[in-house]
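J.: my_file.txt is reproduced below (compact mmCIF, C-alpha atoms).
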```txt
# COMPACT_ATOMS: atom_id res chain seq x y z
CA MET A 1 0.00 0.00 0.00
CA SER A 2 1.36 3.40 -0.93
CA ILE A 3 2.01 6.13 1.60
CA ASN A 4 -0.83 8.21 0.12
CA ASN A 5 -3.28 5.37 0.54
CA GLN A 6 -2.16 4.83 4.13
CA LEU A 7 -2.60 8.52 4.92
CA SER A 8 -6.00 8.53 3.25
CA SER A 9 -7.10 5.48 5.24
CA THR A 10 -5.86 6.97 8.51
CA TYR A 11 -7.66 10.26 7.80
CA SER A 12 -10.84 8.41 6.91
CA GLN A 13 -10.74 6.45 10.17
CA ALA A 14 -10.10 9.59 12.21
CA SER A 15 -12.91 11.42 10.44
CA SER A 16 -15.29 8.52 11.02
CA SER A 17 -14.33 8.42 14.69
CA GLN A 18 -14.96 12.15 15.05
CA LYS A 19 -18.37 11.82 13.39
CA SER A 20 -19.26 8.96 15.71
CA GLU A 21 -18.26 10.97 18.78
CA LYS A 22 -20.21 13.97 17.52
CA SER A 23 -23.26 11.77 16.95
CA VAL A 24 -23.04 10.44 20.51
CA LEU A 25 -22.71 13.96 21.88
CA ASN A 26 -25.71 15.11 19.86
CA LYS A 27 -27.79 12.19 21.14
CA ARG A 28 -26.85 13.03 24.71
CA ARG A 29 -27.66 16.67 24.11
CA TYR A 30 -31.07 15.81 22.63
CA ARG A 31 -31.77 13.36 25.43
CA ARG A 32 -30.93 16.01 28.01
CA TYR A 33 -33.17 18.49 26.19
CA ASN A 34 -36.04 16.01 26.12
CA TRP A 35 -35.69 15.35 29.83
CA LEU A 36 -35.64 19.07 30.60
CA PHE A 37 -38.71 19.58 28.43
CA LEU A 38 -40.60 16.74 30.13
CA MET A 39 -39.63 17.95 33.59
CA SER A 40 -40.66 21.52 32.83
CA ALA A 41 -44.01 20.23 31.57
CA LEU A 42 -44.66 17.69 34.33
CA LEU A 43 -43.47 19.57 37.41
CA PRO A 44 -46.23 22.22 37.31
CA VAL A 45 -48.85 19.50 36.80
CA VAL A 46 -47.48 17.46 39.70
CA ALA A 47 -47.31 20.58 41.87
CA VAL A 48 -50.95 21.39 41.09
CA GLY A 49 -51.95 17.82 41.93
CA ILE A 50 -50.12 17.83 45.27
CA PHE A 51 -51.58 21.24 46.13
CA ASN A 52 -55.14 20.08 45.36
CA ILE A 53 -54.71 16.89 47.37
CA ILE A 54 -53.38 18.77 50.40
CA VAL A 55 -56.05 21.49 50.27
CA ASP A 56 -58.77 18.98 49.29
CA PRO A 57 -61.43 21.59 48.41
CA TYR A 58 -64.19 19.01 47.89
CA ASP A 59 -63.23 16.96 50.98
CA VAL A 60 -62.78 13.82 48.91
CA PHE A 61 -59.30 12.71 50.02
CA ASN A 62 -60.10 13.19 53.72
CA THR A 63 -56.85 15.07 54.26
CA PRO A 64 -56.47 16.89 57.60
CA ASN A 65 -58.22 20.24 57.91
CA LEU A 66 -55.57 22.79 58.83
CA LEU A 67 -56.84 25.94 60.52
CA GLY A 68 -56.35 28.97 58.33
CA ILE A 69 -55.44 26.87 55.30
CA ASN A 70 -58.26 24.51 54.37
CA HIS A 71 -60.67 24.31 57.30
CA SER A 72 -63.34 26.19 55.31
CA LYS A 73 -64.41 24.53 52.06
CA PRO A 74 -66.94 26.75 50.25
CA ARG A 75 -67.16 24.42 47.23
CA LYS A 76 -68.01 21.35 49.29
CA ASP A 77 -71.71 22.06 49.83
CA ASN A 78 -72.50 22.05 46.11
CA SER A 79 -70.37 18.97 45.48
CA ASP A 80 -72.39 16.55 47.60
CA ARG A 81 -72.86 14.05 44.76
CA LEU A 82 -69.07 13.76 44.60
CA PHE A 83 -67.83 13.78 48.17
CA LYS A 84 -70.72 11.73 49.55
CA THR A 85 -69.86 8.96 47.12
CA THR A 86 -66.36 8.67 48.54
CA ASP A 87 -67.55 9.17 52.12
CA ILE A 88 -69.81 6.14 51.78
CA ILE A 89 -66.86 4.08 50.52
CA ARG A 90 -64.72 5.20 53.46
CA ILE A 91 -67.25 5.29 56.33
CA LYS A 92 -69.51 2.36 55.33
CA PRO A 93 -72.46 3.56 57.44
CA VAL A 94 -75.14 1.23 58.79
CA THR A 95 -77.63 4.12 58.99
CA VAL A 96 -78.26 6.60 56.18
CA LEU A 97 -80.43 9.72 56.10
CA MET A 98 -81.83 10.54 52.68
CA GLY A 99 -83.77 13.39 51.13
CA SER A 100 -83.20 16.89 49.78
CA SER A 101 -81.18 19.79 51.17
CA ARG A 102 -83.73 20.15 53.97
CA THR A 103 -82.69 16.76 55.28
CA LYS A 104 -79.05 17.55 54.61
CA ARG A 105 -79.24 20.66 56.79
CA ALA A 106 -81.66 19.40 59.44
CA ILE A 107 -80.72 15.92 60.67
CA ASP A 108 -77.43 15.30 62.41
CA PRO A 109 -76.19 11.71 61.97
CA ASN A 110 -74.64 11.94 65.44
CA TYR A 111 -78.04 12.52 67.05
CA PRO A 112 -78.25 10.24 70.12
CA ALA A 113 -81.55 8.68 68.99
CA LEU A 114 -79.75 7.13 66.01
CA LYS A 115 -78.43 4.11 67.85
CA HIS A 116 -77.07 2.29 64.82
CA GLN A 117 -73.71 3.87 64.11
CA PRO A 118 -71.90 4.92 62.05
CA ALA A 119 -74.68 7.00 60.54
CA TYR A 120 -74.37 9.23 57.50
CA ASN A 121 -76.44 12.05 56.01
CA LEU A 122 -76.76 11.00 52.36
CA ALA A 123 -79.28 13.69 51.43
CA LEU A 124 -78.64 15.52 48.14
CA THR A 125 -79.40 19.10 47.17
CA LYS A 126 -82.41 19.00 44.82
CA GLY A 127 -82.11 15.25 44.58
CA ASN A 128 -84.94 13.33 42.95
CA PHE A 129 -85.93 9.78 43.82
CA TYR A 130 -83.96 8.24 41.00
CA GLU A 131 -80.76 9.76 42.35
CA LEU A 132 -81.63 8.76 45.90
CA ARG A 133 -82.35 5.20 44.84
CA ARG A 134 -78.99 4.96 43.10
CA TYR A 135 -77.15 6.41 46.10
CA LEU A 136 -78.93 3.96 48.38
CA GLU A 137 -77.72 1.14 46.13
CA HIS A 138 -74.23 2.63 46.38
CA ALA A 139 -74.49 2.54 50.17
CA ILE A 140 -75.69 -1.07 50.12
CA ALA A 141 -72.86 -2.06 47.76
CA ASN A 142 -70.36 -0.73 50.30
CA GLN A 143 -72.17 -1.87 53.44
CA LYS A 144 -74.12 -5.11 53.23
CA GLU A 145 -75.16 -4.65 56.88
CA LEU A 146 -77.04 -1.40 56.20
CA ASP A 147 -79.71 -1.42 58.88
CA LEU A 148 -81.71 1.82 58.87
CA VAL A 149 -82.74 4.30 56.16
CA VAL A 150 -84.52 7.54 57.10
CA ILE A 151 -86.12 9.43 54.19
CA GLY A 152 -87.23 13.06 54.16
CA LEU A 153 -89.89 13.73 51.52
CA ASP A 154 -90.22 16.88 49.43
CA LEU A 155 -92.90 17.61 46.85
CA PHE A 156 -90.41 18.50 44.12
CA MET A 157 -88.81 15.07 44.38
CA PHE A 158 -91.80 13.74 42.41
CA ASN A 159 -91.58 16.51 39.80
CA SER A 160 -90.87 15.16 36.31
CA LEU A 161 -89.80 18.64 35.18
CA MET A 162 -86.76 18.49 37.45
CA GLY A 163 -84.16 16.19 35.98
CA THR A 164 -81.01 14.87 37.57
CA ARG A 165 -78.26 17.38 38.28
CA GLU A 166 -75.28 17.68 35.94
CA SER A 167 -72.99 16.64 38.78
CA PHE A 168 -74.74 13.26 39.03
CA SER A 169 -72.68 10.40 37.60
CA GLU A 170 -73.74 6.79 37.25
CA GLN A 171 -70.14 5.68 36.76
CA ARG A 172 -69.02 6.59 40.27
CA LEU A 173 -71.79 4.64 42.02
CA GLU A 174 -71.64 1.10 43.41
CA LYS A 175 -67.84 1.27 43.34
CA LYS A 176 -65.42 0.71 46.18
CA TYR A 177 -62.91 3.24 44.87
CA ILE A 178 -62.73 6.69 43.30
CA ILE A 179 -63.15 6.32 39.56
CA LEU A 180 -60.33 7.56 37.35
CA ALA A 181 -62.36 10.40 35.79
CA ASP A 182 -63.15 11.86 39.22
CA LEU A 183 -59.60 11.34 40.45
CA LEU A 184 -58.09 13.21 37.52
CA ASN A 185 -60.67 15.98 37.72
CA ILE A 186 -60.28 16.70 41.43
CA THR A 187 -56.49 16.41 41.28
CA PHE A 188 -55.31 18.07 38.09
CA SER A 189 -58.13 20.20 36.66
CA LEU A 190 -58.09 23.99 36.64
CA ASP A 191 -61.49 23.99 38.31
CA ALA A 192 -60.03 22.03 41.22
CA LEU A 193 -57.09 24.45 41.36
CA PHE A 194 -59.46 27.43 41.53
CA ALA A 195 -61.49 25.61 44.20
CA SER A 196 -58.31 25.05 46.22
CA GLN A 197 -57.38 28.70 45.87
CA GLU A 198 -60.86 29.71 47.02
CA THR A 199 -60.57 27.31 49.96
CA VAL A 200 -57.29 28.82 51.15
CA ILE A 201 -58.60 32.39 50.81
CA ASP A 202 -61.86 31.56 52.59
CA SER A 203 -60.06 29.67 55.36
CA ASN A 204 -57.79 32.65 55.91
CA LYS A 205 -60.76 35.03 56.18
CA ASN A 206 -63.26 32.99 58.18
CA PRO A 207 -62.89 32.59 61.94
CA THR A 208 -62.36 29.01 62.99
CA ASN A 209 -65.22 29.01 65.50
CA ASN A 210 -67.78 29.61 62.74
CA ILE A 211 -66.80 26.69 60.55
CA PHE A 212 -68.52 23.34 60.31
CA ASP A 213 -66.79 20.99 57.91
CA GLY A 214 -69.82 18.85 57.06
CA GLU A 215 -68.88 15.83 59.10
CA ASN A 216 -70.80 12.71 58.07
CA GLY A 217 -72.61 14.55 55.27
CA PHE A 218 -74.43 16.91 57.64
CA ILE A 219 -74.15 20.55 56.49
CA PRO A 220 -76.41 22.83 58.55
CA TYR A 221 -76.92 26.54 58.09
CA LEU A 222 -74.58 28.42 60.40
CA ASN A 223 -74.94 31.84 62.00
CA VAL A 224 -78.54 32.22 60.86
CA ASP A 225 -79.83 35.75 61.32
CA PRO A 226 -83.13 35.54 63.28
CA LYS A 227 -84.28 38.74 61.60
CA LYS A 228 -84.29 36.97 58.25
CA THR A 229 -86.31 33.96 59.39
CA LYS A 230 -89.61 35.39 58.20
CA SER A 231 -88.29 36.34 54.76
CA ARG A 232 -86.65 32.91 54.34
CA PHE A 233 -89.90 31.20 55.31
CA GLU A 234 -91.87 33.32 52.84
CA LYS A 235 -89.37 32.50 50.11
CA ILE A 236 -89.70 28.77 50.74
CA MET A 237 -93.49 28.97 50.74
CA ASN A 238 -93.38 30.94 47.52
CA ASN A 239 -91.25 28.22 45.93
CA TYR A 240 -93.75 25.57 46.94
CA TYR A 241 -97.08 27.22 46.28
CA VAL A 242 -96.21 29.56 43.44
CA GLY A 243 -93.13 28.17 41.73
CA TYR A 244 -94.24 24.53 41.68
CA LYS A 245 -97.74 25.48 40.64
CA ARG A 246 -96.29 27.00 37.48
CA GLY A 247 -93.77 24.25 36.81
CA TYR A 248 -94.83 21.00 38.40
CA GLN A 249 -95.81 17.71 36.84
CA SER A 250 -96.20 14.62 38.97
CA SER A 251 -94.11 11.70 37.74
CA ASN A 252 -95.24 8.09 38.00
CA GLN A 253 -91.69 7.04 37.21
CA LEU A 254 -90.30 8.92 40.21
CA LEU A 255 -93.10 7.49 42.34
CA ASP A 256 -91.96 4.04 41.24
CA GLU A 257 -88.40 4.97 42.21
CA PHE A 258 -89.66 5.88 45.67
CA LYS A 259 -91.41 2.50 45.89
CA LYS A 260 -88.13 0.78 44.97
CA ILE A 261 -86.40 2.60 47.82
CA VAL A 262 -89.07 1.52 50.30
CA SER A 263 -88.93 -2.08 49.10
CA LYS A 264 -85.16 -2.44 49.58
```
If you took the structure in this file and wrote it as structure tokens, what would it be?

T.:
Amino acid sequence: MSINNQLSSTYSQASSSQKSEKSVLNKRRYRRYNWLFLMSALLPVVAVGIFNIIVDPYDVFNTPNLLGINHSKPRKDNSDRLFKTTDIIRIKPVTVLMGSSRTKRAIDPNYPALKHQPAYNLALTKGNFYELRRYLEHAIANQKELDLVVIGLDLFMFNSLMGTRESFSEQRLEKKYIILADLLNITFSLDALFASQETVIDSNKNPTNNIFDGENGFIPYLNVDPKKTKSRFEKIMNNYYVGYKRGYQSSNQLLDEFKKIVSK
């Protein structure tokens, strides 16, 4: 082999080695960039999830209520179809109280006359009998020894013009765990983040002695102004005798749902 050929071969090998090293360096650089990109994208999401779990604005994870941080949960009251599902899974009550918001705000599950404990207030705001029947089945699925069911009746619960609430979900019922859709929503959604923010702000503003966290599903009115009792009563009567007269239609289907509840 001539000297020129040897030099050419040596140069070619050196050039190939340099290209190989450069390729390895580029791969490492791209890999590092990809990791940085993934971390920058995932860290905020993970941080939001951890924040929502700690604050627990819907009281689903049963995390400790810290005074001044998350002891007041303003979004909880209107999320009863969510948090009561998980409460039933966790508490497994042998006594349940069912009905509308009047039952939810009126009957304390810890009342001494309710001998069969644990008891739980499973009443739902504007719940109809189809929803109540499904939540009763959810309670039975999680507690085969369910012993006592107390039902508060409201006229509107038989009204066919009032459908189920948007927050009602068949998928979460008769389960022994939080379904994935709910878990993702209450952990990573912007709505949950805003609810957590509202919880922290409200907890910081509200005095701790005026807070009731809705233990066992019972959420009474607090700090009721006696001067407004008459106006509140008149408003309720107006809803019944004026509002329902204009928009009320008795439902045989909902009556059948009530019969199913009684027969269980």

J.: What's the 8 Å shell around Thr103 (chain A), counting all atoms listed in the file, without same-chain residues fewer than 6 positions away, as a VMD selection string?

T.: chain A and resid 97 121 123 152

J.: Quick one: everything within 8 Å of Leu146 (chain A), counting all atoms listed in the file, minus sequence neighbours fewer than 2 positions away in the same chain. Send it as a ChimeraX atom specification.

T.: /A:93-95,139-140,143-144,148

J.: So that all listed atoms of region 57-75 of chain A fit with 6 Å spare on each side, what axis-aligned box centre and edge lengths in Å, to one decimal, would you give as AutoDock Vina command-line options?

T.:
```
--center_x -61.3 --center_y 20.8 --center_z 53.9 --size_x 23.7 --size_y 28.3 --size_z 25.3
```

J.: What's around Asp77 (chain A) at 12 Å? Count only C-alpha atoms, leave out sequence neighbours fewer than 5 positions away in its own chain, and write the answer as a PyMOL selection string.

T.: chain A and resi 57-59+72+82-84+101+104-105+123-125+212-215+217-221

J.: Produce a file of the selected residues containing C-alpha atoms, as a PDB file, keeping the file's coordinate frame.

T.:
```pdb
ATOM      1  CA  PRO A  57     -61.430  21.590  48.410  1.00  0.00           C
ATOM      2  CA  TYR A  58     -64.190  19.010  47.890  1.00  0.00           C
ATOM      3  CA  ASP A  59     -63.230  16.960  50.980  1.00  0.00           C
ATOM      4  CA  SER A  72     -63.340  26.190  55.310  1.00  0.00           C
ATOM      5  CA  LEU A  82     -69.070  13.760  44.600  1.00  0.00           C
ATOM      6  CA  PHE A  83     -67.830  13.780  48.170  1.00  0.00           C
ATOM      7  CA  LYS A  84     -70.720  11.730  49.550  1.00  0.00           C
ATOM      8  CA  SER A 101     -81.180  19.790  51.170  1.00  0.00           C
ATOM      9  CA  LYS A 104     -79.050  17.550  54.610  1.00  0.00           C
ATOM     10  CA  ARG A 105     -79.240  20.660  56.790  1.00  0.00           C
ATOM     11  CA  ALA A 123     -79.280  13.690  51.430  1.00  0.00           C
ATOM     12  CA  LEU A 124     -78.640  15.520  48.140  1.00  0.00           C
ATOM     13  CA  THR A 125     -79.400  19.100  47.170  1.00  0.00           C
ATOM     14  CA  PHE A 212     -68.520  23.340  60.310  1.00  0.00           C
ATOM     15  CA  ASP A 213     -66.790  20.990  57.910  1.00  0.00           C
ATOM     16  CA  GLY A 214     -69.820  18.850  57.060  1.00  0.00           C
ATOM     17  CA  GLU A 215     -68.880  15.830  59.100  1.00  0.00           C
ATOM     18  CA  GLY A 217     -72.610  14.550  55.270  1.00  0.00           C
ATOM     19  CA  PHE A 218     -74.430  16.910  57.640  1.00  0.00           C
ATOM     20  CA  ILE A 219     -74.150  20.550  56.490  1.00  0.00           C
ATOM     21  CA  PRO A 220     -76.410  22.830  58.550  1.00  0.00           C
ATOM     22  CA  TYR A 221     -76.920  26.540  58.090  1.00  0.00           C
TER      23      TYR A 221
END
```

J.: Quick one: pull the distance between CA of Lys175 (chain A) and CA of Val149 (chain A), Å, one decimal.

T.: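 For CA of Lys175 (chain A) relative to CA of Val149 (chain A), the distance reads 19.9 Å.
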
J.: Just the number, please: distance in Å from CA of Leu66 (chain A) to CA of Asp202 (chain A), one decimal.

T.: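 One can read the CA of Leu66 (chain A) to CA of Asp202 (chain A) distance as 12.5 Å.
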
J.: Quick one: pull the distance between CA of Met98 (chain A) and CA of Val150 (chain A), Å, one decimal.

T.: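 Atom-to-atom, CA of Met98 (chain A) to CA of Val150 (chain A), that is 6.0 Å.
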
J.: With distances taken over only C-alpha atoms, which residue among A:Phe51, A:Trp35, A:Tyr111, A:Phe129 lies nearest Phe194 (chain A)?

T.: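 Smallest separation from Phe194 (chain A) among the options: A:Phe51.
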
J.: For Met162 (chain A), list every protein, DNA or RNA residue within 12 Å, evaluated using all atoms listed in the file, and leave out those in the same chain fewer than 5 positions away; present the list as a PDB file with C-alpha atoms, in the coordinates of the input.

T.:
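This went into around.pdb:
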```
ATOM      1  CA  LYS A 126     -82.410  19.000  44.820  1.00  0.00           C
ATOM      2  CA  GLY A 127     -82.110  15.250  44.580  1.00  0.00           C
ATOM      3  CA  ASN A 128     -84.940  13.330  42.950  1.00  0.00           C
ATOM      4  CA  PHE A 129     -85.930   9.780  43.820  1.00  0.00           C
ATOM      5  CA  TYR A 130     -83.960   8.240  41.000  1.00  0.00           C
ATOM      6  CA  GLU A 131     -80.760   9.760  42.350  1.00  0.00           C
ATOM      7  CA  LEU A 155     -92.900  17.610  46.850  1.00  0.00           C
ATOM      8  CA  PHE A 156     -90.410  18.500  44.120  1.00  0.00           C
ATOM      9  CA  MET A 157     -88.810  15.070  44.380  1.00  0.00           C
ATOM     10  CA  TYR A 244     -94.240  24.530  41.680  1.00  0.00           C
ATOM     11  CA  GLY A 247     -93.770  24.250  36.810  1.00  0.00           C
ATOM     12  CA  TYR A 248     -94.830  21.000  38.400  1.00  0.00           C
ATOM     13  CA  GLN A 249     -95.810  17.710  36.840  1.00  0.00           C
ATOM     14  CA  SER A 250     -96.200  14.620  38.970  1.00  0.00           C
ATOM     15  CA  SER A 251     -94.110  11.700  37.740  1.00  0.00           C
ATOM     16  CA  LEU A 254     -90.300   8.920  40.210  1.00  0.00           C
TER      17      LEU A 254
END
```

J.: When distances are computed from all atoms listed in the file, which of A:Glu198, A:Asp56, A:Asp87, A:Asp191 shows the smallest separation from Tyr135 (chain A)?

T.: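 Closest to Tyr135 (chain A) of all the choices is A:Asp87.
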
J.: Closest to Ile186 (chain A) among A:Asn223, A:Ser79, A:Asn110, A:Ser203, using only C-alpha atoms?

T.: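 Of the candidates, the smallest distance to Ile186 (chain A) is held by A:Ser79.
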
J.: Looking at only C-alpha atoms, which of A:Arg133, A:Phe188, A:Pro112, A:Tyr120 is the one that sits closest to Glu170 (chain A)?

T.: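 Under the stated criterion, the closest residue is A:Arg133.
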
J.: Have a look at A:Met237, A:Ile53, A:Leu222, A:Leu42 and name the one nearest to Ala192 (chain A); count all atoms listed in the file.

T.: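 Result for the nearest residue to Ala192 (chain A): A:Ile53.
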
J.: Please complete region 189-203 of chain A so it has N, CA and C atoms, and hand it over as a compact mmCIF listing (two decimals), in the frame of the given file.

T.:
```txt
# COMPACT_ATOMS: atom_id res chain seq x y z
N SER A 189 -57.38 19.24 37.47
CA SER A 189 -58.13 20.20 36.66
C SER A 189 -57.94 21.63 37.16
N LEU A 190 -58.15 22.58 36.26
CA LEU A 190 -58.09 23.99 36.64
C LEU A 190 -59.22 24.34 37.60
N ASP A 191 -60.37 23.72 37.41
CA ASP A 191 -61.49 23.99 38.31
C ASP A 191 -61.13 23.59 39.74
N ALA A 192 -60.46 22.46 39.88
CA ALA A 192 -60.03 22.03 41.22
C ALA A 192 -58.98 22.99 41.78
N LEU A 193 -58.11 23.48 40.91
CA LEU A 193 -57.09 24.45 41.36
C LEU A 193 -57.75 25.73 41.85
N PHE A 194 -58.74 26.22 41.11
CA PHE A 194 -59.46 27.43 41.53
C PHE A 194 -60.22 27.17 42.83
N ALA A 195 -60.78 25.97 42.97
CA ALA A 195 -61.49 25.61 44.20
C ALA A 195 -60.53 25.58 45.38
N SER A 196 -59.33 25.07 45.16
CA SER A 196 -58.31 25.05 46.22
C SER A 196 -57.91 26.46 46.61
N GLN A 197 -57.73 27.30 45.61
CA GLN A 197 -57.38 28.70 45.87
C GLN A 197 -58.49 29.38 46.69
N GLU A 198 -59.73 29.13 46.30
CA GLU A 198 -60.86 29.71 47.02
C GLU A 198 -60.92 29.18 48.46
N THR A 199 -60.58 27.91 48.63
CA THR A 199 -60.57 27.31 49.96
C THR A 199 -59.55 27.98 50.87
N VAL A 200 -58.35 28.19 50.35
CA VAL A 200 -57.29 28.82 51.15
C VAL A 200 -57.68 30.25 51.52
N ILE A 201 -58.21 31.00 50.55
CA ILE A 201 -58.60 32.39 50.81
C ILE A 201 -59.72 32.44 51.84
N ASP A 202 -60.72 31.57 51.68
CA ASP A 202 -61.86 31.56 52.59
C ASP A 202 -61.44 31.11 53.99
N SER A 203 -60.54 30.15 54.06
CA SER A 203 -60.06 29.67 55.36
C SER A 203 -59.26 30.75 56.09
```
